[in-house]
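Printed here is data_27.txt (compact mmCIF, C-alpha atoms):
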# COMPACT_ATOMS: atom_id res chain seq x y z
CA MET L 1 130.24 -107.88 52.05
CA PHE L 2 129.71 -106.75 48.48
CA LEU L 3 128.83 -103.21 47.62
CA ARG L 4 126.80 -102.89 44.51
CA LEU L 5 127.36 -99.66 42.60
CA PRO L 6 125.33 -99.38 39.43
CA ARG L 7 126.87 -96.38 37.75
CA ILE L 8 123.63 -95.57 36.00
CA SER L 9 121.73 -94.98 39.23
CA LEU L 10 124.41 -93.99 41.67
CA SER L 11 122.62 -92.10 44.39
CA LEU L 12 124.12 -89.59 46.77
CA GLY L 13 123.67 -92.02 49.62
CA MET L 14 125.54 -94.72 47.77
CA ALA L 15 128.24 -92.29 46.78
CA ALA L 16 128.67 -91.40 50.43
CA GLY L 17 128.89 -95.09 51.23
CA LEU L 18 131.55 -95.49 48.63
CA ALA L 19 133.50 -92.60 50.07
CA THR L 20 133.39 -94.22 53.50
CA LEU L 21 134.49 -97.50 52.08
CA ALA L 22 137.21 -95.87 50.03
CA PHE L 23 138.53 -94.31 53.21
CA CYS L 24 138.89 -97.80 54.73
CA MET L 25 140.45 -99.35 51.65
CA PRO L 26 144.12 -99.50 50.84
CA ALA L 27 145.16 -96.53 48.74
CA PHE L 28 146.12 -98.76 45.83
CA ALA L 29 142.68 -100.38 45.40
CA LYS L 30 142.05 -100.69 41.70
CA ASP L 31 139.12 -101.26 39.38
CA VAL L 32 139.20 -104.07 36.86
CA THR L 33 136.86 -104.17 33.88
CA VAL L 34 135.14 -107.30 32.63
CA THR L 35 133.64 -106.91 29.19
CA ILE L 36 130.61 -108.93 28.19
CA SER L 37 130.82 -109.69 24.50
CA ASN L 38 129.30 -112.40 22.31
CA PHE L 39 127.72 -114.06 25.34
CA ALA L 40 131.00 -114.41 27.26
CA PHE L 41 132.77 -112.65 30.12
CA ALA L 42 136.29 -111.43 29.27
CA PRO L 43 138.46 -112.05 31.13
CA ALA L 44 136.49 -114.96 32.53
CA ALA L 45 139.01 -115.56 35.32
CA MET L 46 140.99 -113.00 37.29
CA THR L 47 142.76 -112.42 40.57
CA ILE L 48 142.28 -109.16 42.45
CA ALA L 49 143.18 -107.79 45.87
CA VAL L 50 140.81 -107.28 48.78
CA GLY L 51 139.11 -103.91 48.31
CA ASP L 52 139.42 -103.89 44.54
CA THR L 53 136.36 -103.29 42.41
CA VAL L 54 135.24 -105.07 39.28
CA THR L 55 133.15 -103.25 36.70
CA PHE L 56 131.12 -105.33 34.26
CA VAL L 57 130.27 -103.64 30.95
CA ASN L 58 127.73 -105.16 28.59
CA GLY L 59 128.98 -104.86 25.02
CA ASP L 60 126.29 -107.10 23.52
CA ASP L 61 123.08 -105.96 21.87
CA THR L 62 120.99 -108.07 24.20
CA ILE L 63 120.81 -107.86 27.97
CA HIS L 64 122.87 -109.80 30.48
CA SER L 65 123.18 -109.89 34.24
CA VAL L 66 125.89 -110.79 36.74
CA ILE L 67 124.92 -113.11 39.58
CA ALA L 68 127.21 -114.69 42.18
CA ASP L 69 126.87 -118.48 42.16
CA ASP L 70 126.35 -118.33 45.93
CA GLY L 71 123.76 -115.55 45.59
CA SER L 72 125.88 -113.04 47.53
CA PHE L 73 125.55 -110.34 44.85
CA HIS L 74 123.59 -109.73 41.70
CA SER L 75 123.00 -107.01 39.15
CA ASP L 76 119.76 -105.99 37.52
CA GLY L 77 119.47 -106.61 33.80
CA LEU L 78 122.22 -104.73 31.97
CA ASP L 79 121.25 -103.31 28.61
CA THR L 80 123.80 -102.49 25.94
CA ASN L 81 126.65 -100.37 27.40
CA ASP L 82 125.19 -100.54 30.92
CA LYS L 83 127.74 -101.07 33.69
CA VAL L 84 127.67 -102.42 37.21
CA THR L 85 130.48 -102.31 39.76
CA PHE L 86 130.98 -104.62 42.73
CA THR L 87 133.51 -104.16 45.50
CA PHE L 88 135.19 -107.29 46.84
CA SER L 89 136.05 -106.78 50.48
CA LYS L 90 136.70 -110.36 51.52
CA ALA L 91 139.34 -112.86 50.37
CA GLY L 92 138.19 -116.02 48.63
CA LYS L 93 137.20 -117.47 45.29
CA ILE L 94 133.80 -116.62 43.90
CA GLY L 95 132.08 -117.89 40.77
CA TYR L 96 129.50 -115.87 38.92
CA HIS L 97 127.24 -116.30 35.91
CA CYS L 98 124.70 -114.50 33.78
CA GLY L 99 121.21 -114.97 35.18
CA LEU L 100 119.69 -114.99 31.69
CA HIS L 101 122.30 -117.14 29.98
CA PRO L 102 123.79 -119.32 32.73
CA PHE L 103 126.24 -120.94 30.32
CA MET L 104 128.15 -117.64 30.64
CA LYS L 105 130.44 -118.13 33.62
CA GLY L 106 133.41 -116.45 35.31
CA THR L 107 135.47 -116.59 38.48
CA ILE L 108 137.19 -114.02 40.63
CA VAL L 109 139.90 -114.84 43.15
CA VAL L 110 140.20 -112.20 45.86
CA GLN L 111 143.54 -112.23 47.70
CA MET B 1 114.53 -135.68 4.37
CA THR B 2 115.84 -139.16 3.61
CA ASP B 3 114.89 -140.66 6.95
CA ASN B 4 111.62 -142.31 6.08
CA SER B 5 111.91 -145.17 8.49
CA GLU B 6 108.52 -144.56 10.03
CA ALA B 7 106.69 -144.29 6.75
CA LYS B 8 104.83 -147.03 4.98
CA PRO B 9 105.98 -147.49 1.39
CA GLY B 10 104.78 -144.65 -0.73
CA LYS B 11 103.53 -142.59 2.20
CA LEU B 12 105.14 -139.82 4.12
CA SER B 13 105.59 -140.39 7.81
CA ARG B 14 103.88 -137.82 9.97
CA ARG B 15 107.24 -136.55 11.14
CA HIS B 16 108.49 -136.35 7.60
CA ALA B 17 105.45 -134.38 6.50
CA LEU B 18 105.90 -131.98 9.39
CA GLU B 19 109.52 -131.44 8.53
CA CYS B 20 108.53 -130.56 5.01
CA MET B 21 105.98 -128.07 6.23
CA VAL B 22 108.41 -126.41 8.59
CA TRP B 23 110.96 -126.22 5.83
CA ALA B 24 108.45 -124.55 3.58
CA GLY B 25 109.60 -121.39 5.28
CA THR B 26 108.34 -118.41 7.17
CA GLY B 27 104.85 -117.23 6.51
CA VAL B 28 103.65 -120.70 5.58
CA ILE B 29 100.92 -122.13 7.71
CA TRP B 30 101.39 -125.59 9.07
CA THR B 31 99.12 -127.75 11.11
CA LEU B 32 99.52 -130.80 13.25
CA SER B 33 96.49 -132.97 13.46
CA GLY B 34 97.01 -136.67 14.03
CA GLY B 35 97.55 -137.50 10.41
CA ILE B 36 94.57 -135.46 9.26
CA PRO B 37 95.88 -132.32 7.60
CA LYS B 38 94.10 -129.24 8.87
CA SER B 39 94.92 -125.73 7.95
CA LEU B 40 93.78 -122.55 9.60
CA SER B 41 94.89 -119.00 9.18
CA LEU B 42 94.33 -115.82 11.08
CA LEU B 43 93.80 -114.12 7.75
CA ASP B 44 91.10 -116.17 6.16
CA GLU B 45 87.35 -115.73 6.73
CA ALA B 46 86.44 -119.30 5.81
CA GLN B 47 89.07 -120.56 8.18
CA ALA B 48 87.83 -118.24 10.90
CA ALA B 49 84.39 -119.78 10.46
CA GLU B 50 85.94 -123.20 10.80
CA ALA B 51 87.58 -122.09 14.01
CA ALA B 52 84.24 -120.81 15.26
CA ALA B 53 82.63 -124.17 14.55
CA SER B 54 85.26 -125.96 16.59
CA ASN B 55 85.02 -126.22 20.33
CA PHE B 56 87.40 -123.43 21.12
CA THR B 57 90.58 -121.75 20.04
CA PHE B 58 93.32 -120.10 21.98
CA LEU B 59 96.19 -117.98 20.87
CA GLN B 60 99.83 -117.96 21.92
CA ILE B 61 101.92 -114.83 21.88
CA SER B 62 105.50 -114.85 23.06
CA ASP B 63 108.66 -112.89 23.60
CA SER B 64 107.21 -109.41 23.18
CA HIS B 65 110.39 -107.93 24.79
CA ILE B 66 108.84 -104.54 25.42
CA GLY B 67 111.80 -102.19 25.90
CA PHE B 68 113.89 -103.72 23.11
CA ASP B 69 114.73 -100.99 20.64
CA LYS B 70 117.74 -102.21 18.69
CA GLU B 71 115.90 -102.65 15.40
CA ALA B 72 116.68 -99.86 12.99
CA GLU B 73 113.15 -98.78 12.21
CA VAL B 74 110.67 -100.39 14.56
CA THR B 75 110.54 -101.06 18.29
CA ALA B 76 109.12 -104.03 20.16
CA ILE B 77 106.15 -101.81 21.00
CA ASP B 78 105.46 -101.27 17.29
CA THR B 79 105.54 -104.96 16.45
CA LEU B 80 103.48 -105.99 19.49
CA ASN B 81 100.93 -103.36 18.45
CA GLU B 82 100.83 -104.92 14.99
CA ALA B 83 100.39 -108.41 16.42
CA ILE B 84 97.61 -107.25 18.73
CA GLY B 85 96.04 -105.36 15.83
CA ARG B 86 95.85 -108.67 13.99
CA ILE B 87 94.15 -110.28 16.96
CA ASN B 88 91.71 -107.39 17.37
CA GLY B 89 90.82 -107.78 13.70
CA LEU B 90 89.85 -111.43 14.00
CA ALA B 91 86.27 -112.25 13.06
CA VAL B 92 86.19 -114.90 15.77
CA LYS B 93 88.08 -114.09 18.93
CA PRO B 94 90.10 -116.81 20.63
CA ASN B 95 88.66 -117.95 23.97
CA PHE B 96 91.83 -116.85 25.70
CA MET B 97 95.50 -116.14 25.10
CA ILE B 98 98.68 -117.44 26.64
CA HIS B 99 101.86 -115.40 26.74
CA THR B 100 104.92 -117.61 27.03
CA GLY B 101 107.23 -115.09 28.61
CA ASP B 102 109.75 -112.34 28.00
CA ILE B 103 106.89 -109.89 28.18
CA THR B 104 109.50 -107.21 28.83
CA HIS B 105 113.14 -106.79 27.93
CA LEU B 106 114.41 -105.45 31.28
CA SER B 107 111.57 -106.09 33.80
CA LYS B 108 110.97 -102.36 34.16
CA PRO B 109 107.61 -101.11 35.47
CA ASP B 110 106.96 -98.97 32.40
CA GLU B 111 107.70 -101.96 30.14
CA PHE B 112 105.17 -104.09 32.02
CA ASP B 113 102.72 -101.15 31.85
CA ASP B 114 103.11 -100.82 28.09
CA ALA B 115 102.66 -104.56 27.55
CA ASP B 116 99.57 -104.62 29.78
CA GLN B 117 98.05 -101.71 27.94
CA ILE B 118 98.66 -103.12 24.46
CA ILE B 119 97.71 -106.74 25.22
CA GLY B 120 94.82 -105.60 27.42
CA SER B 121 93.28 -103.79 24.46
CA THR B 122 92.14 -107.19 23.17
CA LYS B 123 89.90 -107.64 26.25
CA ILE B 124 90.82 -111.33 25.95
CA VAL B 125 91.80 -113.16 29.13
CA THR B 126 95.56 -113.75 28.97
CA HIS B 127 97.52 -116.27 31.03
CA TYR B 128 101.19 -115.44 31.52
CA VAL B 129 104.31 -117.38 32.40
CA PRO B 130 107.56 -115.44 32.89
CA GLY B 131 110.68 -115.43 30.77
CA GLU B 132 114.16 -114.77 32.12
CA HIS B 133 113.90 -111.17 30.90
CA ASP B 134 110.98 -110.72 33.31
CA MET B 135 113.23 -111.70 36.24
CA VAL B 136 115.93 -109.01 36.08
CA ASP B 137 114.43 -106.36 38.35
CA ALA B 138 116.17 -105.62 41.66
CA GLY B 139 113.79 -108.09 43.33
CA GLN B 140 114.75 -110.83 40.83
CA GLY B 141 111.19 -111.54 39.75
CA LYS B 142 109.23 -109.60 42.37
CA ALA B 143 107.93 -107.14 39.76
CA TYR B 144 106.53 -110.01 37.69
CA MET B 145 105.01 -111.83 40.67
CA ASP B 146 103.39 -108.66 42.03
CA ARG B 147 101.66 -108.17 38.70
CA TYR B 148 100.91 -111.67 37.39
CA GLY B 149 101.47 -114.09 40.24
CA LYS B 150 98.41 -113.52 42.38
CA ASP B 151 96.51 -116.65 41.35
CA SER B 152 99.52 -118.90 41.00
CA TRP B 153 101.58 -121.30 43.08
CA GLY B 154 105.23 -121.06 44.04
CA GLN B 155 107.08 -118.78 41.69
CA GLY B 156 104.20 -118.32 39.27
CA TRP B 157 103.02 -121.75 38.07
CA PHE B 158 99.31 -122.63 37.76
CA SER B 159 96.78 -124.78 35.96
CA PHE B 160 93.21 -124.43 34.76
CA ASP B 161 90.62 -126.30 32.71
CA GLN B 162 88.86 -125.14 29.59
CA ASN B 163 86.32 -127.30 27.70
CA GLY B 164 87.78 -130.43 29.21
CA VAL B 165 91.36 -129.59 28.30
CA HIS B 166 93.81 -129.18 31.19
CA PHE B 167 96.23 -126.27 30.79
CA ILE B 168 99.42 -126.04 32.87
CA GLY B 169 101.64 -122.95 32.98
CA LEU B 170 105.13 -123.79 34.25
CA VAL B 171 108.02 -121.53 35.28
CA ASN B 172 111.55 -122.57 34.29
CA VAL B 173 113.42 -119.25 34.43
CA VAL B 174 113.95 -118.71 38.17
CA ASN B 175 117.34 -119.06 39.89
CA LEU B 176 119.10 -120.50 36.87
CA LYS B 177 122.30 -122.19 37.98
CA ALA B 178 125.77 -121.53 36.55
CA GLY B 179 126.35 -123.83 33.61
CA GLY B 180 122.75 -125.05 33.66
CA LEU B 181 119.71 -124.75 31.42
CA GLY B 182 116.15 -123.82 32.29
CA ASN B 183 115.04 -125.23 35.62
CA LEU B 184 111.68 -126.28 37.10
CA GLY B 185 112.91 -127.35 40.51
CA PRO B 186 111.66 -130.01 42.95
CA GLU B 187 108.89 -127.85 44.46
CA GLN B 188 107.26 -127.29 41.08
CA LEU B 189 107.69 -130.92 40.01
CA ASP B 190 106.04 -132.01 43.23
CA TRP B 191 103.15 -129.64 42.54
CA LEU B 192 102.87 -130.97 38.97
CA GLN B 193 102.72 -134.55 40.21
CA LYS B 194 99.85 -133.66 42.53
CA ASP B 195 98.12 -131.56 39.86
CA LEU B 196 98.08 -134.53 37.47
CA ALA B 197 97.56 -137.33 39.96
CA ASN B 198 93.78 -137.78 39.75
CA ARG B 199 93.26 -136.89 36.11
CA PRO B 200 92.17 -139.51 33.57
CA SER B 201 94.77 -140.32 30.93
CA SER B 202 92.19 -139.44 28.29
CA GLN B 203 92.17 -135.75 29.26
CA PRO B 204 94.04 -133.63 26.71
CA ILE B 205 96.89 -131.67 28.31
CA VAL B 206 98.48 -128.43 27.15
CA VAL B 207 101.69 -127.45 28.96
CA PHE B 208 103.33 -124.10 28.37
CA ALA B 209 106.53 -122.54 29.70
CA HIS B 210 109.05 -120.03 28.44
CA ILE B 211 112.22 -122.06 27.83
CA PRO B 212 111.67 -125.19 25.72
CA LEU B 213 110.89 -128.30 27.75
CA TRP B 214 112.94 -130.38 25.32
CA THR B 215 116.59 -130.00 24.55
CA ILE B 216 117.00 -128.04 21.35
CA TYR B 217 120.51 -126.59 21.70
CA PRO B 218 122.07 -126.80 25.16
CA GLN B 219 125.11 -124.78 24.09
CA TRP B 220 122.78 -121.78 23.99
CA GLY B 221 120.72 -122.81 26.98
CA TRP B 222 117.80 -123.94 24.82
CA GLY B 223 116.47 -126.68 27.03
CA THR B 224 115.39 -127.40 30.62
CA ASP B 225 117.59 -129.43 32.97
CA ASP B 226 114.80 -131.31 34.74
CA SER B 227 112.14 -131.36 32.00
CA ALA B 228 112.49 -135.15 31.67
CA GLN B 229 110.91 -135.50 35.11
CA ALA B 230 107.97 -133.33 34.07
CA LEU B 231 107.54 -135.21 30.78
CA ALA B 232 107.62 -138.54 32.64
CA LEU B 233 104.60 -137.37 34.65
CA LEU B 234 102.82 -136.53 31.38
CA GLN B 235 103.74 -139.76 29.61
CA ARG B 236 100.49 -141.62 30.35
CA PHE B 237 98.24 -138.98 28.80
CA GLY B 238 96.90 -139.60 25.33
CA SER B 239 97.35 -136.06 24.06
CA VAL B 240 100.02 -133.70 25.34
CA THR B 241 100.85 -130.42 23.61
CA VAL B 242 103.92 -128.52 24.85
CA LEU B 243 104.13 -124.85 23.86
CA ASN B 244 107.25 -122.77 24.49
CA GLY B 245 108.87 -119.50 23.48
CA HIS B 246 112.41 -118.24 24.18
CA ILE B 247 114.08 -119.16 20.89
CA HIS B 248 112.12 -116.75 18.63
CA GLN B 249 111.54 -119.25 15.86
CA ILE B 250 109.34 -122.23 15.12
CA ILE B 251 110.85 -125.59 15.91
CA GLN B 252 108.67 -128.58 16.58
CA LYS B 253 108.81 -132.25 17.21
CA VAL B 254 106.40 -135.13 17.73
CA GLU B 255 107.32 -137.86 20.16
CA GLY B 256 104.69 -140.50 20.92
CA ASN B 257 101.62 -138.67 22.17
CA MET B 258 103.54 -135.46 22.77
CA THR B 259 103.72 -132.55 20.38
CA PHE B 260 106.36 -129.93 21.10
CA HIS B 261 106.21 -126.51 19.51
CA THR B 262 108.06 -123.23 19.95
CA ALA B 263 106.56 -119.90 18.88
CA ARG B 264 107.95 -116.93 17.07
CA SER B 265 108.59 -113.70 18.94
CA THR B 266 106.58 -110.57 18.29
CA ALA B 267 109.78 -108.51 18.70
CA PHE B 268 112.87 -109.87 16.94
CA PRO B 269 114.15 -113.13 15.40
CA GLN B 270 117.04 -115.20 16.67
CA PRO B 271 119.43 -117.35 14.62
CA ALA B 272 118.82 -121.03 14.00
CA PRO B 273 120.62 -123.26 16.52
CA GLY B 274 124.36 -123.02 15.94
CA ALA B 275 123.97 -120.76 12.91
CA ALA B 276 125.72 -117.84 14.65
CA PRO B 277 128.43 -117.48 17.30
CA ALA B 278 125.81 -116.56 19.91
CA PRO B 279 122.01 -116.51 20.26
CA GLY B 280 121.62 -112.73 20.20
CA PRO B 281 118.96 -110.78 18.34
CA MET B 282 119.13 -111.04 14.55
CA ILE B 283 118.92 -107.57 13.10
CA VAL B 284 117.33 -108.02 9.69
CA PRO B 285 116.29 -105.59 6.97
CA ALA B 286 112.95 -103.95 7.81
CA GLU B 287 111.19 -105.53 4.85
CA GLN B 288 112.11 -108.99 6.13
CA LEU B 289 111.40 -108.43 9.80
CA ARG B 290 107.66 -109.04 9.87
CA GLY B 291 108.07 -112.32 8.03
CA LEU B 292 110.11 -113.55 11.00
CA LEU B 293 107.72 -112.44 13.74
CA GLY B 294 104.34 -113.89 14.52
CA LEU B 295 101.57 -115.51 16.48
CA THR B 296 100.40 -119.06 17.11
CA SER B 297 96.76 -120.09 17.06
CA VAL B 298 95.61 -123.44 18.44
CA ASN B 299 92.29 -125.03 17.53
CA TYR B 300 90.80 -127.76 19.69
CA VAL B 301 88.16 -130.13 18.36
CA VAL B 302 86.64 -132.73 20.68
CA GLY B 303 87.39 -136.26 19.57
CA GLN B 304 90.45 -135.31 17.61
CA ARG B 305 93.55 -136.52 19.33
CA ASP B 306 95.88 -133.68 18.49
CA LEU B 307 95.34 -129.97 18.55
CA ALA B 308 95.71 -128.05 15.32
CA ILE B 309 98.48 -125.50 15.71
CA THR B 310 98.77 -122.67 13.23
CA ASP B 311 101.52 -120.08 13.03
CA SER B 312 101.17 -116.81 11.21
CA THR B 313 103.59 -113.99 10.62
CA LEU B 314 102.88 -110.33 11.22
Written form, structure tokens:
Amino acid sequence: MFLRLPRISLSLGMAAGLATLAFCMPAFAKDVTVTISNFAFAPAAMTIAVGDTVTFVNGDDTIHSVIADDGSFHSDGLDTNDKVTFTFSKAGKIGYHCGLHPFMKGTIVVQ
Amino acid sequence: MTDNSEAKPGKLSRRHALECMVWAGTGVIWTLSGGIPKSLSLLDEAQAAEAAASNFTFLQISDSHIGFDKEAEVTAIDTLNEAIGRINGLAVKPNFMIHTGDITHLSKPDEFDDADQIIGSTKIVTHYVPGEHDMVDAGQGKAYMDRYGKDSWGQGWFSFDQNGVHFIGLVNVVNLKAGGLGNLGPEQLDWLQKDLANRPSSQPIVVFAHIPLWTIYPQWGWGTDDSAQALALLQRFGSVTVLNGHIHQIIQKVEGNMTFHTARSTAFPQPAPGAAPAPGPMIVPAEQLRGLLGLTSVNYVVGQRDLAITDSTL
């Protein structure tokens, strides 16, 4: 359901997967950035369209992670300036949090 | 310092005295010893002899964060090397060490390798519990368990006995829930209940885990959601010492027969609870850094109700 695309280790195989997926997606699929700063996700709530991607960028000087509350996706630890991108291919509302600092929370509504 | 309600007239309460000692600042040794002051230092030969004469000592290191390199002049490898150098220089070696988690910063294999190599140079048996930074590999803790979990239960918890003292290593950093604190979980609590069931209440207990097992500052996640259930199981024991890491500073509390203590990091300090917008690393001038990092030594003497805990800076 979710395609995890860590930019830092994007392999050829994953790139090919992305290309396939991109082919299936509406042409106007967009990428939205969530910045992690001072132990908070910003914006912490957003609405996107099916097929859109969300890129999380860690702007803090400690590590964070991004984990779906229902366990359906998770990142590795993100060091400073590391990024991770997830593709949301199914409509619904999903909550997520930082696996190291679970008081950091956010939600994404996929329409 | 005005709350003296527990003190007899003219005498400091134990809690009051402890507060004073903690407030005396970094680099000052403090001990906790059932009303009998007892001071030990890693630096001092006479004190090392005293440690040797006692039944045994063990040493706590914590939050080595190998892979962290945001300090201007030193890395977490440098400061762990210094800490281990201090241990290797001891006249009397501790019987064993405990590491209360965040061995690595990013759970990477080379970070675990570096930590193993540096800590292993002591040739002292070391018991590990994981921190949340040791859980951020793609397998969400698999790297830690493959390396350290072989002789443990569940997701890494275990217990062992040394000189009549029962040691329990707990794991409260796995599958943390949105909005929650540290978490032990029902499976581990069930194991703990069974582990303690047939033990006499007179047996001294030492419990260690990464995130504090008492609520220090929930806004920053400095506590464990279900620790009350674990502490209830420990309530009947005459001497319980709870050692944690995670918050990179010494905070301690005495409650009945339980002594709670958090250790300094060997890598970087963190702000006092609420003293900053967020609990991130405190980047301090190089000349101040080592005064904020350190080790904890614990001395056990048979017949003495509490264990003497000593912190020293790098």
Original post:
Taking all atoms listed in the file into account, which residues of chain L are within 7 Å of chain B, as a PyMOL selection string?
Top reply: chain L and resi 38-39+62+69+76-77+97+99-103+105
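Between atom CA of B:Ile61 and atom CA of B:Gly169 the separation is 13.8 Å.
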Subject >> Distance of atom CA of B:Asp102 from atom CA of B:Lys253, expressed in Å to one decimal place >> reply: 22.7 Å
Subject >> Computed interatomic separation between atom CA of B:Ala209 and atom CA of B:Phe167 (Å) >> reply: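 Distance between the two atoms: 11.0 Å.
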Subject >> Near-B:Val129 list (7 Å; all atoms listed in the file; drop same-chain fewer than 5 positions) as a list of chain:residue names >> reply: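 Here the qualifying residues turn out to be B:His99, B:Thr100, B:Gly101, B:Gly156, B:Gly169, B:Leu170, B:Val171, B:Ala209, B:His210.
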Output as AutoDock Vina command-line options the centre and edge lengths (Å, one decimal) of the box along x, y and z of the file that holds every listed atom of stretch 31-48 of chain L after adding 6 Å on each side.
--center_x 135.2 --center_y -108.4 --center_z 32.4 --size_x 27.0 --size_y 26.3 --size_z 32.1
Original post:
Using only C-alpha atoms, which residues sit within 6 Å of L:Asp82 once same-chain residues fewer than 4 positions away are excluded, as a ChimeraX atom specification?
Top reply: /L:57-58,78
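If you measure from each of B:Ile250, B:Asp151, B:Pro269, B:Ser297 to B:Val284 using only C-alpha atoms, the closest one turns out to be B:Pro269.
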**OP:** Excluding B:Ser152 and residues on its chain fewer than 3 positions from it, collect all residues at most 12 Å away from it, counting only C-alpha atoms, and give them as JSON, numbers by chain.
**Re:** {"B": [127, 128, 129, 130, 144, 145, 146, 147, 148, 149, 155, 156, 157, 158, 159, 160, 168, 169, 170, 171, 188, 191]}
Could you give me, as a short mmCIF file (atom, residue, chain, number, x, y, z; two decimals) with C-alpha atoms, in the frame of the given file, the residues within 6 Å of B:His248, counting only C-alpha atoms and dropping anything in the same chain fewer than 2 positions from it?
data_model
loop_
_atom_site.label_atom_id
_atom_site.label_comp_id
_atom_site.auth_asym_id
_atom_site.auth_seq_id
_atom_site.Cartn_x
_atom_site.Cartn_y
_atom_site.Cartn_z
CA HIS B 246 112.41 -118.24 24.18
CA ARG B 264 107.95 -116.93 17.07
CA SER B 265 108.59 -113.70 18.94
CA PRO B 269 114.15 -113.13 15.40
CA GLN B 270 117.04 -115.20 16.67
#
Original post:
Of the candidates B:Leu192, B:Ile103, B:Ile77, B:Ala263, which shows the shortest atom-to-atom distance to B:Gly245, using all atoms listed in the file?
Top reply: B:Ala263
Subject >> Option closest in space to L:Ala29, from L:Thr107, L:Thr53, L:Thr47, L:Thr85 [counting all atoms listed in the file] >> reply: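 Checking each candidate against L:Ala29, we get L:Thr53 as the closest.
Remark: residues at most 6 Å from position (119.5, -104.9, 25.1) in file coordinates are L:Asp61, L:Thr62, L:Ile63, L:Asp79, L:Thr80, using all atoms listed in the file.
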